[in-house]
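Report on the following structure.
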Amino acid sequence: MVAEGKTINTNLDSPGPINPDLSGRIYHDEDVDISILKKKTIAVIGYGSQGRAQATNMRDSGIHVIVGASRGSTHGDWARAKNDKFEVKTIEEAVRAADVVHVLLPDPAQPEVYRASIHANLRKGSTLSFSHGFNVLYGLIQPPPYVDVVLFVPNAPGPLVRELYLKGSGAYGCVCVDQDVTGKAKQIALAMAKGVGSTRIGTIELSSREETEGDNFEEQVLYGGTLHLMRAVFNVLVENGYPPSFAYSKAIRSLRSIVDVIDEVGIEGYLRRASRTAEYAVRTRGPRVINMKEIKEIYEETSRGIFAKEWLLEYMAGMPVVHRMRRTEAESGMETFGKKARREIRQSAKKDNA
């Protein structure tokens, strides 16, 4: 929530060119010295899926990690971290004990916790870190002038961040420096990326604006567009008499067969491997599905702070639009059939393993 007397810092004028000073350099393991963290304590604040993955990976990389959580948290962070053999402290105690405070709470929860438990306990010369720049960029969190402020972002859900690390790989990462008081902010952010495993695959340096707005734009257009295309394919096929099982397979499961291939060989590589019919279909009909005018408008809304303002107002009002849409979509034919199909798949798998 926005504190009384605080305003949402959104820039509704044209923000100008992105990234005039950064090269977008990509760092790998050999470029980063993790020893800068060897005698430091990192306090991970928030032990959800991302907090658990990052904390465990850094610990396995030889970094001293403690966890800050609320006692008796309804989310069970304290108990889960204890069960994973971490030293757990209250958030205030963890911040006071830490050289690096890595805030991994959900975005909407961060401002209130920051004001109540983090800000006044930050030590001079310490590092305040996040995995998304939303609250700092839009002024809901305003760090003091005597700490480094950085972002380290592994671009994957927490469970996958952990899974890739255990396989000897990592999730592609991003680091940003928002405030460099000590002169070592970038080295610390990169060392965290190495500890989590992201420099194994590559970690790019961006501005915090690029990370935040690029992430928000991706979620609106790529995630939002893809999910709604899935629903559209299902609905149109069913409306035209196709069995729901066939429509569901085409709308969801068929994507699984191409995404990994595209990641491995690229879009053009995939198209050369596909049938000539599929190639012709993609090249000639695909652009008709894409509304570039809307995509560019969404980018402008994102870069001017309009999306951020709308989302913050939605959250402060209790998310009435989101809750209404959740109910509507949960009752849709696609979701109803999907629940049944997934249940049957699980039951079949149990029989096969019996």
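Just so we're on the same page: first chain in the structure tokens is A, next is B, and so on; residues restart at 1 for each chain, and ligands are numbered from 1 in the order they show up.
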Contact residues around Thr302 of chain A with only C-alpha atoms at 8 Å, ignoring same-chain residues under 5 positions, as an NGL selection string:
:A and (213 or 216-217 or 307-308)
Neighbour list for Ala53 of chain A as an MDAnalysis selection string, cut-off 8 Å, only C-alpha atoms, skip fewer than 6 positions in-chain:
chainID A and resid 158:159 161:162
Generate the output file for the selected residues, C-alpha atoms, as a PDB file, in the first residue's frame.
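Just written: result-v3.pdb:
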ATOM      1  CA  GLY A 158      12.100 -20.097  -8.183  1.00  0.00           C
ATOM      2  CA  PRO A 159      11.781 -23.886  -8.569  1.00  0.00           C
ATOM      3  CA  VAL A 161      16.235 -21.492 -10.639  1.00  0.00           C
ATOM      4  CA  ARG A 162      16.994 -24.253  -8.137  1.00  0.00           C
TER       5      ARG A 162
END
Could you pull out the helix (DSSP H, G or I) residues of segment 79-208 of chain A from DSSP and send them as a PyMOL selection string?
chain A and resi 79-83+91-97+107-121+134-137+158-166+185-196+198-200+208
From the set A:Thr199, A:Glu211, A:Tyr315, A:Ala189, which residue has the shortest atom-to-atom contact distance to Ser169 of chain A, counting only C-alpha atoms?
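Using only C-alpha atoms, the shortest distance to Ser169 of chain A belongs to A:Thr199.
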My list of candidates is A:Val221, A:Ala171, A:Ala185, A:Leu128. Which is closest to Met292 of chain A when distances are computed with only C-alpha atoms?
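Looking only at the distances to Met292 of chain A, the closest residue turns out to be A:Val221.
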Rounded to one decimal place, report the atom CA of Ala278 of chain A-atom CA of Ile258 of chain A distance in Å.
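According to the coordinates, atom CA of Ala278 of chain A and atom CA of Ile258 of chain A are separated by 11.9 Å.
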Write out as a list in words the residues lying within 9 Å of Lys38 of chain A, counting only C-alpha atoms and excluding same-chain residues fewer than 3 positions away.
Ile34, Ser35, Thr41, Gly62, Ile63 and His64 of chain A
How would the residues just picked look written out with C-alpha atoms as a tab-separated table (two decimals), in the first residue's frame?
chain	number	residue	atom	x	y	z
A	34	ILE	CA	32.53	-14.24	-5.90
A	35	SER	CA	35.05	-13.74	-3.09
A	41	THR	CA	26.25	-12.03	5.41
A	62	GLY	CA	29.71	-20.94	-0.12
A	63	ILE	CA	27.97	-17.68	0.81
A	64	HIS	CA	26.71	-17.08	4.35
Contacts of segment 322-331 of chain A at 12 Å (only C-alpha atoms; same-chain gap of 4+ positions) as an MDAnalysis selection string
chainID A and resid 227:228 231 311 313:315 317:318 335:339
Restricting the calculation to only C-alpha atoms: of A:Gly225, A:Gly68, A:Gly266, A:Gly333, which residue gets closest to Ser117 of chain A?
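Looking at the shortest contact to Ser117 of chain A, the residue is A:Gly68.
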Rounded to one decimal in Å, what is the spacing between atom CA of Pro154 of chain A and atom CA of Ile201 of chain A?
10.6 Å
From a DSSP calculation on the backbone, collect every residue of segment 69-126 of chain A in strand (DSSP E) and output the set as a ChimeraX atom specification.
/A:87-89,100-103
